[in-house]
file query-v4.pdb (PDB, C-alpha atoms)
ATOM      1  CA  MET A   1      -7.030 -13.695   9.298  1.00  0.00           C
ATOM      2  CA  SER A   2      -7.416  -9.941   8.686  1.00  0.00           C
ATOM      3  CA  ARG A   3      -4.450  -7.657   9.289  1.00  0.00           C
ATOM      4  CA  VAL A   4      -5.169  -4.969  11.895  1.00  0.00           C
ATOM      5  CA  ARG A   5      -3.195  -1.830  12.765  1.00  0.00           C
ATOM      6  CA  GLU A   6      -3.852   0.810  15.388  1.00  0.00           C
ATOM      7  CA  LEU A   7      -4.773   4.315  14.207  1.00  0.00           C
ATOM      8  CA  ALA A   8      -3.370   7.534  15.602  1.00  0.00           C
ATOM      9  CA  GLY A   9      -5.966   9.134  17.842  1.00  0.00           C
ATOM     10  CA  GLY A  10      -7.765   5.861  18.465  1.00  0.00           C
ATOM     11  CA  GLY A  11      -9.465   3.243  16.380  1.00  0.00           C
ATOM     12  CA  ARG A  12      -8.068   0.548  14.141  1.00  0.00           C
ATOM     13  CA  ALA A  13      -7.660  -0.205  10.457  1.00  0.00           C
ATOM     14  CA  VAL A  14      -8.607  -3.659   9.209  1.00  0.00           C
ATOM     15  CA  GLU A  15      -7.546  -5.094   5.837  1.00  0.00           C
ATOM     16  CA  VAL A  16     -10.387  -7.088   4.310  1.00  0.00           C
ATOM     17  CA  ALA A  17     -10.223  -9.173   1.123  1.00  0.00           C
ATOM     18  CA  PRO A  18     -12.640  -7.953  -1.576  1.00  0.00           C
ATOM     19  CA  GLY A  19     -14.799 -11.077  -1.357  1.00  0.00           C
ATOM     20  CA  ARG A  20     -15.291 -10.546   2.373  1.00  0.00           C
ATOM     21  CA  VAL A  21     -16.222  -6.851   2.384  1.00  0.00           C
ATOM     22  CA  ALA A  22     -20.003  -7.322   2.241  1.00  0.00           C
ATOM     23  CA  GLY A  23     -19.961  -9.836   5.088  1.00  0.00           C
ATOM     24  CA  TRP A  24     -17.634  -7.648   7.150  1.00  0.00           C
ATOM     25  CA  PHE A  25     -20.017  -4.690   6.977  1.00  0.00           C
ATOM     26  CA  GLU A  26     -22.990  -6.899   7.821  1.00  0.00           C
ATOM     27  CA  ARG A  27     -21.213  -8.161  10.931  1.00  0.00           C
ATOM     28  CA  PHE A  28     -20.154  -4.605  11.837  1.00  0.00           C
ATOM     29  CA  ALA A  29     -23.767  -3.445  11.667  1.00  0.00           C
ATOM     30  CA  ILE A  30     -25.061  -6.364  13.737  1.00  0.00           C
ATOM     31  CA  SER A  31     -22.438  -5.893  16.452  1.00  0.00           C
ATOM     32  CA  HIS A  32     -23.280  -2.193  16.823  1.00  0.00           C
ATOM     33  CA  GLY A  33     -27.055  -2.361  16.926  1.00  0.00           C
ATOM     34  CA  GLY A  34     -27.608  -1.878  13.211  1.00  0.00           C
ATOM     35  CA  ALA A  35     -26.467   0.568  10.535  1.00  0.00           C
ATOM     36  CA  ALA A  36     -27.961   4.052  10.845  1.00  0.00           C
ATOM     37  CA  SER A  37     -26.636   5.481   7.564  1.00  0.00           C
ATOM     38  CA  THR A  38     -24.189   5.095   4.697  1.00  0.00           C
ATOM     39  CA  LEU A  39     -22.512   8.058   3.024  1.00  0.00           C
ATOM     40  CA  LEU A  40     -21.198   7.315  -0.467  1.00  0.00           C
ATOM     41  CA  GLU A  41     -18.712   9.796  -1.904  1.00  0.00           C
ATOM     42  CA  PRO A  42     -16.279   9.464  -4.826  1.00  0.00           C
ATOM     43  CA  ARG A  43     -13.311   8.859  -2.534  1.00  0.00           C
ATOM     44  CA  THR A  44     -14.902   7.866   0.785  1.00  0.00           C
ATOM     45  CA  VAL A  45     -17.549   5.509   2.106  1.00  0.00           C
ATOM     46  CA  LEU A  46     -18.712   6.113   5.683  1.00  0.00           C
ATOM     47  CA  VAL A  47     -21.030   3.731   7.515  1.00  0.00           C
ATOM     48  CA  THR A  48     -22.366   5.001  10.835  1.00  0.00           C
ATOM     49  CA  ALA A  49     -23.848   2.477  13.254  1.00  0.00           C
ATOM     50  CA  THR A  50     -26.803   3.038  15.550  1.00  0.00           C
ATOM     51  CA  ASP A  51     -24.529   3.243  18.587  1.00  0.00           C
ATOM     52  CA  GLY A  52     -22.273   5.853  16.938  1.00  0.00           C
ATOM     53  CA  ALA A  53     -19.471   3.550  15.787  1.00  0.00           C
ATOM     54  CA  THR A  54     -18.130   4.328  12.323  1.00  0.00           C
ATOM     55  CA  ALA A  55     -16.460   2.340   9.555  1.00  0.00           C
ATOM     56  CA  THR A  56     -14.685   4.383   6.886  1.00  0.00           C
ATOM     57  CA  VAL A  57     -13.186   3.283   3.578  1.00  0.00           C
ATOM     58  CA  HIS A  58     -10.909   5.553   1.576  1.00  0.00           C
ATOM     59  CA  VAL A  59     -11.957   4.111  -1.762  1.00  0.00           C
ATOM     60  CA  PRO A  60      -9.069   2.263  -3.423  1.00  0.00           C
ATOM     61  CA  PHE A  61      -8.685   2.393  -7.195  1.00  0.00           C
ATOM     62  CA  GLY A  62     -11.157   5.290  -7.057  1.00  0.00           C
ATOM     63  CA  PRO A  63     -13.270   7.122  -7.641  1.00  0.00           C
ATOM     64  CA  LEU A  64     -16.338   5.186  -6.573  1.00  0.00           C
ATOM     65  CA  PRO A  65     -18.850   5.288  -9.445  1.00  0.00           C
ATOM     66  CA  ALA A  66     -22.049   7.308  -9.044  1.00  0.00           C
ATOM     67  CA  PRO A  67     -24.642   7.566  -7.647  1.00  0.00           C
ATOM     68  CA  HIS A  68     -23.336   9.209  -4.495  1.00  0.00           C
ATOM     69  CA  GLY A  69     -25.050  10.608  -1.432  1.00  0.00           C
ATOM     70  CA  GLU A  70     -26.347   9.603   2.012  1.00  0.00           C
ATOM     71  CA  HIS A  71     -28.662   6.635   2.467  1.00  0.00           C
ATOM     72  CA  PRO A  72     -30.424   5.162   5.501  1.00  0.00           C
ATOM     73  CA  GLY A  73     -29.147   1.785   6.649  1.00  0.00           C
ATOM     74  CA  LEU A  74     -26.311  -0.244   5.136  1.00  0.00           C
ATOM     75  CA  VAL A  75     -25.783   0.461   1.422  1.00  0.00           C
ATOM     76  CA  VAL A  76     -22.382  -0.812   0.300  1.00  0.00           C
ATOM     77  CA  SER A  77     -23.208  -2.821  -2.823  1.00  0.00           C
ATOM     78  CA  SER A  78     -21.553  -0.256  -5.123  1.00  0.00           C
ATOM     79  CA  LEU A  79     -18.383  -0.366  -3.010  1.00  0.00           C
ATOM     80  CA  VAL A  80     -18.354  -4.164  -3.065  1.00  0.00           C
ATOM     81  CA  GLU A  81     -18.776  -4.206  -6.842  1.00  0.00           C
ATOM     82  CA  HIS A  82     -16.027  -1.605  -7.276  1.00  0.00           C
ATOM     83  CA  VAL A  83     -13.394  -3.358  -5.148  1.00  0.00           C
ATOM     84  CA  SER A  84     -14.254  -6.777  -6.586  1.00  0.00           C
ATOM     85  CA  ALA A  85     -13.447  -5.782 -10.178  1.00  0.00           C
ATOM     86  CA  SER A  86     -10.549  -7.591 -11.857  1.00  0.00           C
ATOM     87  CA  ARG A  87      -7.367  -5.492 -11.809  1.00  0.00           C
ATOM     88  CA  ARG A  88      -3.782  -5.685 -13.043  1.00  0.00           C
ATOM     89  CA  VAL A  89      -1.610  -3.948 -10.441  1.00  0.00           C
ATOM     90  CA  GLY A  90       2.025  -2.923 -10.499  1.00  0.00           C
ATOM     91  CA  LEU A  91       3.874  -3.506  -7.202  1.00  0.00           C
ATOM     92  CA  VAL A  92       6.964  -1.650  -6.013  1.00  0.00           C
ATOM     93  CA  LEU A  93       8.424  -2.734  -2.656  1.00  0.00           C
ATOM     94  CA  VAL A  94      11.631  -0.968  -1.644  1.00  0.00           C
ATOM     95  CA  ARG A  95      13.756  -0.775   1.444  1.00  0.00           C
ATOM     96  CA  LEU A  96      17.352   0.358   1.545  1.00  0.00           C
ATOM     97  CA  GLY A  97      19.323  -2.654   0.357  1.00  0.00           C
ATOM     98  CA  ALA A  98      16.471  -4.624  -1.205  1.00  0.00           C
ATOM     99  CA  HIS A  99      13.646  -4.333  -3.689  1.00  0.00           C
ATOM    100  CA  SER A 100      10.941  -6.518  -5.169  1.00  0.00           C
ATOM    101  CA  ILE A 101       8.979  -5.397  -8.217  1.00  0.00           C
ATOM    102  CA  GLY A 102       6.109  -7.186  -9.898  1.00  0.00           C
ATOM    103  CA  VAL A 103       2.827  -7.251 -11.742  1.00  0.00           C
ATOM    104  CA  ALA A 104      -0.133  -8.971 -10.093  1.00  0.00           C
ATOM    105  CA  VAL A 105      -3.553  -9.852 -11.456  1.00  0.00           C
ATOM    106  CA  ASP A 106      -6.346 -10.119  -8.874  1.00  0.00           C
ATOM    107  CA  GLY A 107      -3.846 -10.543  -6.059  1.00  0.00           C
ATOM    108  CA  VAL A 108      -1.613 -13.140  -7.757  1.00  0.00           C
ATOM    109  CA  VAL A 109       1.904 -12.219  -8.917  1.00  0.00           C
ATOM    110  CA  ARG A 110       2.420 -12.909 -12.621  1.00  0.00           C
ATOM    111  CA  THR A 111       5.900 -11.420 -13.192  1.00  0.00           C
ATOM    112  CA  SER A 112       8.509 -10.273 -10.707  1.00  0.00           C
ATOM    113  CA  THR A 113      12.106  -9.318 -10.039  1.00  0.00           C
ATOM    114  CA  THR A 114      13.790  -9.227  -6.630  1.00  0.00           C
ATOM    115  CA  ASP A 115      17.310  -8.230  -5.614  1.00  0.00           C
ATOM    116  CA  ARG A 116      19.400  -7.328  -2.582  1.00  0.00           C
ATOM    117  CA  HIS A 117      22.374  -4.983  -2.186  1.00  0.00           C
ATOM    118  CA  LEU A 118      24.802  -4.633   0.671  1.00  0.00           C
ATOM    119  CA  VAL A 119      24.216  -1.478   2.708  1.00  0.00           C
ATOM    120  CA  HIS A 120      26.115  -1.352   6.003  1.00  0.00           C
ATOM    121  CA  GLY A 121      24.352  -0.214   9.146  1.00  0.00           C
ATOM    122  CA  ARG A 122      25.231   2.996  10.918  1.00  0.00           C
ATOM    123  CA  ASN A 123      28.649   3.110  12.597  1.00  0.00           C
ATOM    124  CA  LYS A 124      28.785   4.416  16.145  1.00  0.00           C
ATOM    125  CA  ALA A 125      32.548   5.010  16.095  1.00  0.00           C
ATOM    126  CA  GLY A 126      33.888   8.557  15.871  1.00  0.00           C
ATOM    127  CA  GLY A 127      36.606  10.438  14.000  1.00  0.00           C
ATOM    128  CA  TRP A 128      37.892   9.835  10.483  1.00  0.00           C
ATOM    129  CA  SER A 129      36.844   6.202  10.613  1.00  0.00           C
ATOM    130  CA  GLN A 130      33.215   7.207  11.030  1.00  0.00           C
ATOM    131  CA  GLN A 131      33.420   9.687   8.153  1.00  0.00           C
ATOM    132  CA  ARG A 132      34.908   7.099   5.795  1.00  0.00           C
ATOM    133  CA  PHE A 133      32.246   4.619   6.874  1.00  0.00           C
ATOM    134  CA  ALA A 134      29.507   7.200   6.272  1.00  0.00           C
ATOM    135  CA  ARG A 135      30.812   7.932   2.771  1.00  0.00           C
ATOM    136  CA  ARG A 136      30.947   4.219   1.980  1.00  0.00           C
ATOM    137  CA  ARG A 137      27.404   3.708   3.272  1.00  0.00           C
ATOM    138  CA  GLU A 138      26.168   6.679   1.257  1.00  0.00           C
ATOM    139  CA  GLY A 139      27.642   5.159  -1.881  1.00  0.00           C
ATOM    140  CA  GLN A 140      26.090   1.779  -1.120  1.00  0.00           C
ATOM    141  CA  SER A 141      22.703   3.414  -0.521  1.00  0.00           C
ATOM    142  CA  ALA A 142      22.870   5.311  -3.803  1.00  0.00           C
ATOM    143  CA  ARG A 143      23.753   2.161  -5.739  1.00  0.00           C
ATOM    144  CA  SER A 144      20.931   0.248  -4.050  1.00  0.00           C
ATOM    145  CA  LEU A 145      18.353   2.894  -4.957  1.00  0.00           C
ATOM    146  CA  ALA A 146      19.690   3.214  -8.498  1.00  0.00           C
ATOM    147  CA  SER A 147      19.353  -0.544  -8.927  1.00  0.00           C
ATOM    148  CA  ALA A 148      15.768  -0.416  -7.617  1.00  0.00           C
ATOM    149  CA  ALA A 149      14.899   2.429 -10.013  1.00  0.00           C
ATOM    150  CA  ASP A 150      16.382   0.503 -12.940  1.00  0.00           C
ATOM    151  CA  ALA A 151      14.350  -2.568 -11.950  1.00  0.00           C
ATOM    152  CA  VAL A 152      11.109  -0.548 -11.838  1.00  0.00           C
ATOM    153  CA  ALA A 153      11.864   1.028 -15.202  1.00  0.00           C
ATOM    154  CA  LYS A 154      12.627  -2.336 -16.809  1.00  0.00           C
ATOM    155  CA  ALA A 155       9.727  -4.263 -15.264  1.00  0.00           C
ATOM    156  CA  LEU A 156       6.885  -1.734 -15.248  1.00  0.00           C
ATOM    157  CA  LEU A 157       7.415   1.028 -17.806  1.00  0.00           C
ATOM    158  CA  PRO A 158       6.909  -1.295 -20.808  1.00  0.00           C
ATOM    159  CA  VAL A 159       3.550  -2.441 -19.396  1.00  0.00           C
ATOM    160  CA  ALA A 160       2.477   0.819 -17.730  1.00  0.00           C
ATOM    161  CA  ALA A 161      -0.439   1.316 -20.121  1.00  0.00           C
ATOM    162  CA  GLU A 162      -1.798  -2.117 -19.149  1.00  0.00           C
ATOM    163  CA  LEU A 163      -1.767  -1.429 -15.395  1.00  0.00           C
ATOM    164  CA  ASP A 164      -4.958  -0.457 -13.596  1.00  0.00           C
ATOM    165  CA  ALA A 165      -3.015   0.844 -10.600  1.00  0.00           C
ATOM    166  CA  LEU A 166       0.365   1.055  -8.877  1.00  0.00           C
ATOM    167  CA  VAL A 167       0.771   0.036  -5.231  1.00  0.00           C
ATOM    168  CA  LEU A 168       3.881   0.944  -3.242  1.00  0.00           C
ATOM    169  CA  GLY A 169       5.342  -0.595  -0.102  1.00  0.00           C
ATOM    170  CA  GLY A 170       8.360  -0.264   2.150  1.00  0.00           C
ATOM    171  CA  ASP A 171      10.408   2.735   3.214  1.00  0.00           C
ATOM    172  CA  ARG A 172       8.873   6.092   2.284  1.00  0.00           C
ATOM    173  CA  GLN A 173      12.222   7.842   1.905  1.00  0.00           C
ATOM    174  CA  ALA A 174      13.452   5.173  -0.489  1.00  0.00           C
ATOM    175  CA  LEU A 175      10.192   5.363  -2.428  1.00  0.00           C
ATOM    176  CA  GLN A 176      10.494   9.146  -2.631  1.00  0.00           C
ATOM    177  CA  ALA A 177      13.992   8.770  -4.057  1.00  0.00           C
ATOM    178  CA  LEU A 178      12.574   6.533  -6.787  1.00  0.00           C
ATOM    179  CA  ARG A 179       9.754   8.996  -7.467  1.00  0.00           C
ATOM    180  CA  GLU A 180      12.357  11.680  -8.181  1.00  0.00           C
ATOM    181  CA  ASP A 181      13.865   9.563 -10.969  1.00  0.00           C
ATOM    182  CA  THR A 182      12.474  11.358 -14.040  1.00  0.00           C
ATOM    183  CA  ARG A 183      11.848   8.039 -15.787  1.00  0.00           C
ATOM    184  CA  LEU A 184       9.422   7.021 -13.052  1.00  0.00           C
ATOM    185  CA  THR A 185       7.664  10.253 -12.092  1.00  0.00           C
ATOM    186  CA  ALA A 186       4.617   9.755 -14.313  1.00  0.00           C
ATOM    187  CA  LEU A 187       4.270   6.127 -13.174  1.00  0.00           C
ATOM    188  CA  PHE A 188       4.530   7.039  -9.484  1.00  0.00           C
ATOM    189  CA  ASP A 189       1.965   9.814  -9.944  1.00  0.00           C
ATOM    190  CA  ARG A 190      -0.560   6.988 -10.476  1.00  0.00           C
ATOM    191  CA  ALA A 191       0.291   5.276  -7.184  1.00  0.00           C
ATOM    192  CA  GLU A 192      -2.407   4.505  -4.646  1.00  0.00           C
ATOM    193  CA  GLN A 193      -2.321   6.702  -1.549  1.00  0.00           C
ATOM    194  CA  ARG A 194      -1.914   3.766   0.832  1.00  0.00           C
ATOM    195  CA  VAL A 195       1.700   2.600   1.237  1.00  0.00           C
ATOM    196  CA  LEU A 196       2.014  -0.976   2.475  1.00  0.00           C
ATOM    197  CA  ASP A 197       4.177  -1.544   5.525  1.00  0.00           C
ATOM    198  CA  VAL A 198       6.442  -4.452   4.605  1.00  0.00           C
ATOM    199  CA  PRO A 199       9.700  -5.939   5.945  1.00  0.00           C
ATOM    200  CA  GLU A 200      12.762  -6.404   3.725  1.00  0.00           C
ATOM    201  CA  PRO A 201      11.341  -7.165   0.277  1.00  0.00           C
ATOM    202  CA  ARG A 202      11.612 -10.773  -0.878  1.00  0.00           C
ATOM    203  CA  ARG A 203       9.532 -12.803  -3.306  1.00  0.00           C
ATOM    204  CA  ALA A 204       7.395 -14.204  -0.494  1.00  0.00           C
ATOM    205  CA  ILE A 205       6.779 -10.656   0.754  1.00  0.00           C
ATOM    206  CA  LEU A 206       5.781  -9.641  -2.787  1.00  0.00           C
ATOM    207  CA  ASP A 207       3.246 -12.471  -2.935  1.00  0.00           C
ATOM    208  CA  GLU A 208       1.714 -11.302   0.336  1.00  0.00           C
ATOM    209  CA  ALA A 209       1.751  -7.666  -0.826  1.00  0.00           C
ATOM    210  CA  ALA A 210      -0.118  -8.634  -3.992  1.00  0.00           C
ATOM    211  CA  LYS A 211      -3.019  -9.904  -1.892  1.00  0.00           C
ATOM    212  CA  ARG A 212      -2.890  -6.905   0.434  1.00  0.00           C
ATOM    213  CA  ALA A 213      -2.794  -4.497  -2.524  1.00  0.00           C
ATOM    214  CA  VAL A 214      -6.336  -5.413  -3.555  1.00  0.00           C
ATOM    215  CA  ALA A 215      -7.653  -5.699   0.001  1.00  0.00           C
ATOM    216  CA  VAL A 216      -9.883  -2.964   1.388  1.00  0.00           C
ATOM    217  CA  GLU A 217      -8.647  -1.078   4.439  1.00  0.00           C
ATOM    218  CA  ILE A 218     -11.555  -0.190   6.732  1.00  0.00           C
ATOM    219  CA  GLU A 219     -10.999   2.316   9.547  1.00  0.00           C
ATOM    220  CA  VAL A 220     -13.114   1.472  12.566  1.00  0.00           C
ATOM    221  CA  ARG A 221     -13.790   3.889  15.404  1.00  0.00           C
ATOM    222  CA  ASP A 222     -15.901   2.941  18.387  1.00  0.00           C
ATOM    223  CA  PRO A 223     -18.562   5.268  19.828  1.00  0.00           C
ATOM    224  CA  GLN A 224     -17.261   8.041  22.034  1.00  0.00           C
TER     225      GLN A 224
END

call {"tool": "encode", "arguments": {"input": "query-v4.pdb", "output": "structure tokens"}}
result
Amino acid sequence: MSRVRELAGGGRAVEVAPGRVAGWFERFAISHGGAASTLLEPRTVLVTATDGATATVHVPFGPLPAPHGEHPGLVVSSLVEHVSASRRVGLVLVRLGAHSIGVAVDGVVRTSTTDRHLVHGRNKAGGWSQQRFARRREGQSARSLASAADAVAKALLPVAAELDALVLGGDRQALQALREDTRLTALFDRAEQRVLDVPEPRRAILDEAAKRAVAVEIEVRDPQ
């Protein structure tokens, strides 16, 4: 079953496995009275239906190979070919207190490392007790992020040249902290724009993220 999330300002984003993209667009066109046009750009594919509905893909693992331009009807074969290519993807899932790092080939995890670290929740008490608690939590957070950065460096830097892409997931602040580690900056500069929303990273979550990493997110907006 496809994962769906609501978009700000209306519409929805649907994650579609690469092998299902062609069929998804065919069904989209049929349900909206046909496809009026397809706009192919290096980073975006826009299909506009006869009734005004649109389906937009921000091309993953881009850019989309040429030729580009606007075409009548449904013309997504180049997109389907692009997203269906075999890829080796690095995965970095981080939330404060846990991380899961791996390498996946065509949506299947081949190598991985997962760990958890104690980070206490926020204390609602006041006074000196709260300050001591805050300092302890800050130290725990720093150690957790340092451990995650070390895990990324150990697992992915040696194979960075073999990776076709890097996909991130989890807490954006934690990911930003890892990006600022000078060892990882160049690696993180290659990361896909889409950040996967994931719960506390575990191996099972990594397996699911590997499949989602190669899925195509299609933004659907109904006619006004």

call {"tool": "resolve_selection", "arguments": {"input": "query-v4.pdb", "expression": "the PyMOL selection byres ((chain A and resi 206) around 8)", "output": "list in words"}}
result
Leu91, Leu93, Ser100, Ile101, Gly102, Val109, Pro201, Arg202, Arg203, Ala204, Ile205, Asp207, Glu208, Ala209 and Ala210 of chain A

call {"tool": "resolve_selection", "arguments": {"input": "query-v4.pdb", "expression": "the PyMOL selection byres ((chain A and resi 145-157) around 9)", "output": "number ranges by chain"}}
result
A: 90-92, 94-103, 111-115, 117, 140-144, 158-161, 163, 174-175, 177-179, 181, 183-184, 187

call {"tool": "atom_distance", "arguments": {"input": "query-v4.pdb", "atom1": "CA of Gly33 (chain A)", "atom2": "CA of Thr50 (chain A)"}}
result
5.6 Å

call {"tool": "resolve_selection", "arguments": {"input": "query-v4.pdb", "expression": "the PyMOL selection byres ((chain A and resi 21) around 12)", "output": "JSON, numbers by chain"}}
result
{"A": [2, 14, 15, 16, 17, 18, 19, 20, 22, 23, 24, 25, 26, 27, 28, 55, 57, 76, 77, 78, 79, 80, 81, 82, 83, 84, 214, 215, 216, 217, 218]}

call {"tool": "axis_aligned_box", "arguments": {"input": "query-v4.pdb", "around": "region 76-84 of chain A", "padding_each_side": "3 Å", "output": "JSON"}}
result
{"center_x": -18.3, "center_y": -3.5, "center_z": -3.5, "size_x": 15.8, "size_y": 12.5, "size_z": 13.6}

call {"tool": "closest_residue", "arguments": {"input": "query-v4.pdb", "among": "A:Ala191, A:Ala13, A:Ala36, A:Leu64", "to": "Gln176 (chain A)", "atoms": "all atoms listed in the file"}}
result
A:Ala191

call {"tool": "atom_distance", "arguments": {"input": "query-v4.pdb", "atom1": "CA of Glu6 (chain A)", "atom2": "CA of Ser86 (chain A)"}}
result
29.3 Å

call {"tool": "atom_distance", "arguments": {"input": "query-v4.pdb", "atom1": "CA of Gln173 (chain A)", "atom2": "CA of Glu200 (chain A)"}}
result
14.4 Å

call {"tool": "closest_residue", "arguments": {"input": "query-v4.pdb", "among": "A:Thr54, A:Leu46, A:Val167, A:Pro199", "to": "Gly107 (chain A)", "atoms": "all atoms listed in the file"}}
result
A:Val167

call {"tool": "decode", "arguments": {"input": "query-v4.pdb", "residues": "region 215-223 of chain A", "atoms": "all heavy atoms", "output": "PDB file, in the first residue's frame"}}
result
ATOM      1  N   ALA A 215      11.680   4.855  -3.755  1.00  0.00           N
ATOM      2  CA  ALA A 215      10.324   5.132  -4.223  1.00  0.00           C
ATOM      3  C   ALA A 215      10.251   6.546  -4.790  1.00  0.00           C
ATOM      4  O   ALA A 215      11.075   7.407  -4.479  1.00  0.00           O
ATOM      5  CB  ALA A 215       9.317   4.963  -3.085  1.00  0.00           C
ATOM      6  N   VAL A 216       9.259   6.777  -5.619  1.00  0.00           N
ATOM      7  CA  VAL A 216       9.040   8.079  -6.235  1.00  0.00           C
ATOM      8  C   VAL A 216       7.910   8.782  -5.485  1.00  0.00           C
ATOM      9  O   VAL A 216       6.835   8.203  -5.311  1.00  0.00           O
ATOM     10  CB  VAL A 216       8.669   7.940  -7.721  1.00  0.00           C
ATOM     11  CG1 VAL A 216       8.445   9.295  -8.356  1.00  0.00           C
ATOM     12  CG2 VAL A 216       9.762   7.160  -8.454  1.00  0.00           C
ATOM     13  N   GLU A 217       8.163  10.005  -5.036  1.00  0.00           N
ATOM     14  CA  GLU A 217       7.108  10.760  -4.372  1.00  0.00           C
ATOM     15  C   GLU A 217       6.405  11.642  -5.412  1.00  0.00           C
ATOM     16  O   GLU A 217       7.041  12.492  -6.049  1.00  0.00           O
ATOM     17  CB  GLU A 217       7.671  11.613  -3.239  1.00  0.00           C
ATOM     18  CG  GLU A 217       6.575  12.275  -2.412  1.00  0.00           C
ATOM     19  CD  GLU A 217       7.098  12.944  -1.162  1.00  0.00           C
ATOM     20  OE1 GLU A 217       7.793  13.968  -1.283  1.00  0.00           O
ATOM     21  OE2 GLU A 217       6.810  12.449  -0.059  1.00  0.00           O
ATOM     22  N   ILE A 218       5.113  11.418  -5.569  1.00  0.00           N
ATOM     23  CA  ILE A 218       4.319  12.160  -6.554  1.00  0.00           C
ATOM     24  C   ILE A 218       3.347  13.070  -5.804  1.00  0.00           C
ATOM     25  O   ILE A 218       2.567  12.611  -4.977  1.00  0.00           O
ATOM     26  CB  ILE A 218       3.531  11.196  -7.458  1.00  0.00           C
ATOM     27  CG1 ILE A 218       4.482  10.176  -8.117  1.00  0.00           C
ATOM     28  CG2 ILE A 218       2.770  11.984  -8.532  1.00  0.00           C
ATOM     29  CD1 ILE A 218       3.767   9.108  -8.913  1.00  0.00           C
ATOM     30  N   GLU A 219       3.430  14.364  -6.106  1.00  0.00           N
ATOM     31  CA  GLU A 219       2.545  15.354  -5.474  1.00  0.00           C
ATOM     32  C   GLU A 219       1.306  15.544  -6.342  1.00  0.00           C
ATOM     33  O   GLU A 219       1.418  15.920  -7.517  1.00  0.00           O
ATOM     34  CB  GLU A 219       3.282  16.673  -5.290  1.00  0.00           C
ATOM     35  CG  GLU A 219       4.488  16.565  -4.347  1.00  0.00           C
ATOM     36  CD  GLU A 219       5.186  17.881  -4.148  1.00  0.00           C
ATOM     37  OE1 GLU A 219       4.775  18.887  -4.779  1.00  0.00           O
ATOM     38  OE2 GLU A 219       6.138  17.919  -3.348  1.00  0.00           O
ATOM     39  N   VAL A 220       0.167  15.272  -5.764  1.00  0.00           N
ATOM     40  CA  VAL A 220      -1.095  15.309  -6.497  1.00  0.00           C
ATOM     41  C   VAL A 220      -1.940  16.486  -5.994  1.00  0.00           C
ATOM     42  O   VAL A 220      -2.163  16.621  -4.783  1.00  0.00           O
ATOM     43  CB  VAL A 220      -1.889  14.002  -6.341  1.00  0.00           C
ATOM     44  CG1 VAL A 220      -3.149  14.042  -7.183  1.00  0.00           C
ATOM     45  CG2 VAL A 220      -1.023  12.808  -6.714  1.00  0.00           C
ATOM     46  N   ARG A 221      -2.388  17.285  -6.929  1.00  0.00           N
ATOM     47  CA  ARG A 221      -3.299  18.389  -6.570  1.00  0.00           C
ATOM     48  C   ARG A 221      -4.508  18.326  -7.479  1.00  0.00           C
ATOM     49  O   ARG A 221      -4.385  18.252  -8.706  1.00  0.00           O
ATOM     50  CB  ARG A 221      -2.585  19.740  -6.695  1.00  0.00           C
ATOM     51  CG  ARG A 221      -1.557  19.951  -5.582  1.00  0.00           C
ATOM     52  CD  ARG A 221      -0.878  21.313  -5.637  1.00  0.00           C
ATOM     53  NE  ARG A 221      -0.135  21.570  -4.424  1.00  0.00           N
ATOM     54  CZ  ARG A 221       1.105  21.132  -4.191  1.00  0.00           C
ATOM     55  NH1 ARG A 221       1.715  20.373  -5.094  1.00  0.00           N
ATOM     56  NH2 ARG A 221       1.723  21.436  -3.055  1.00  0.00           N
ATOM     57  N   ASP A 222      -5.675  18.340  -6.844  1.00  0.00           N
ATOM     58  CA  ASP A 222      -6.931  18.234  -7.588  1.00  0.00           C
ATOM     59  C   ASP A 222      -7.267  19.566  -8.249  1.00  0.00           C
ATOM     60  O   ASP A 222      -6.750  20.616  -7.854  1.00  0.00           O
ATOM     61  CB  ASP A 222      -8.064  17.812  -6.634  1.00  0.00           C
ATOM     62  CG  ASP A 222      -7.848  16.410  -6.108  1.00  0.00           C
ATOM     63  OD1 ASP A 222      -7.393  15.544  -6.894  1.00  0.00           O
ATOM     64  OD2 ASP A 222      -8.116  16.156  -4.910  1.00  0.00           O
ATOM     65  N   PRO A 223      -8.132  19.537  -9.255  1.00  0.00           N
ATOM     66  CA  PRO A 223      -8.502  20.791  -9.947  1.00  0.00           C
ATOM     67  C   PRO A 223      -9.141  21.776  -8.996  1.00  0.00           C
ATOM     68  O   PRO A 223      -9.865  21.391  -8.066  1.00  0.00           O
ATOM     69  CB  PRO A 223      -9.460  20.324 -11.035  1.00  0.00           C
ATOM     70  CG  PRO A 223      -9.949  18.982 -10.585  1.00  0.00           C
ATOM     71  CD  PRO A 223      -8.822  18.365  -9.817  1.00  0.00           C
TER      72      PRO A 223
END
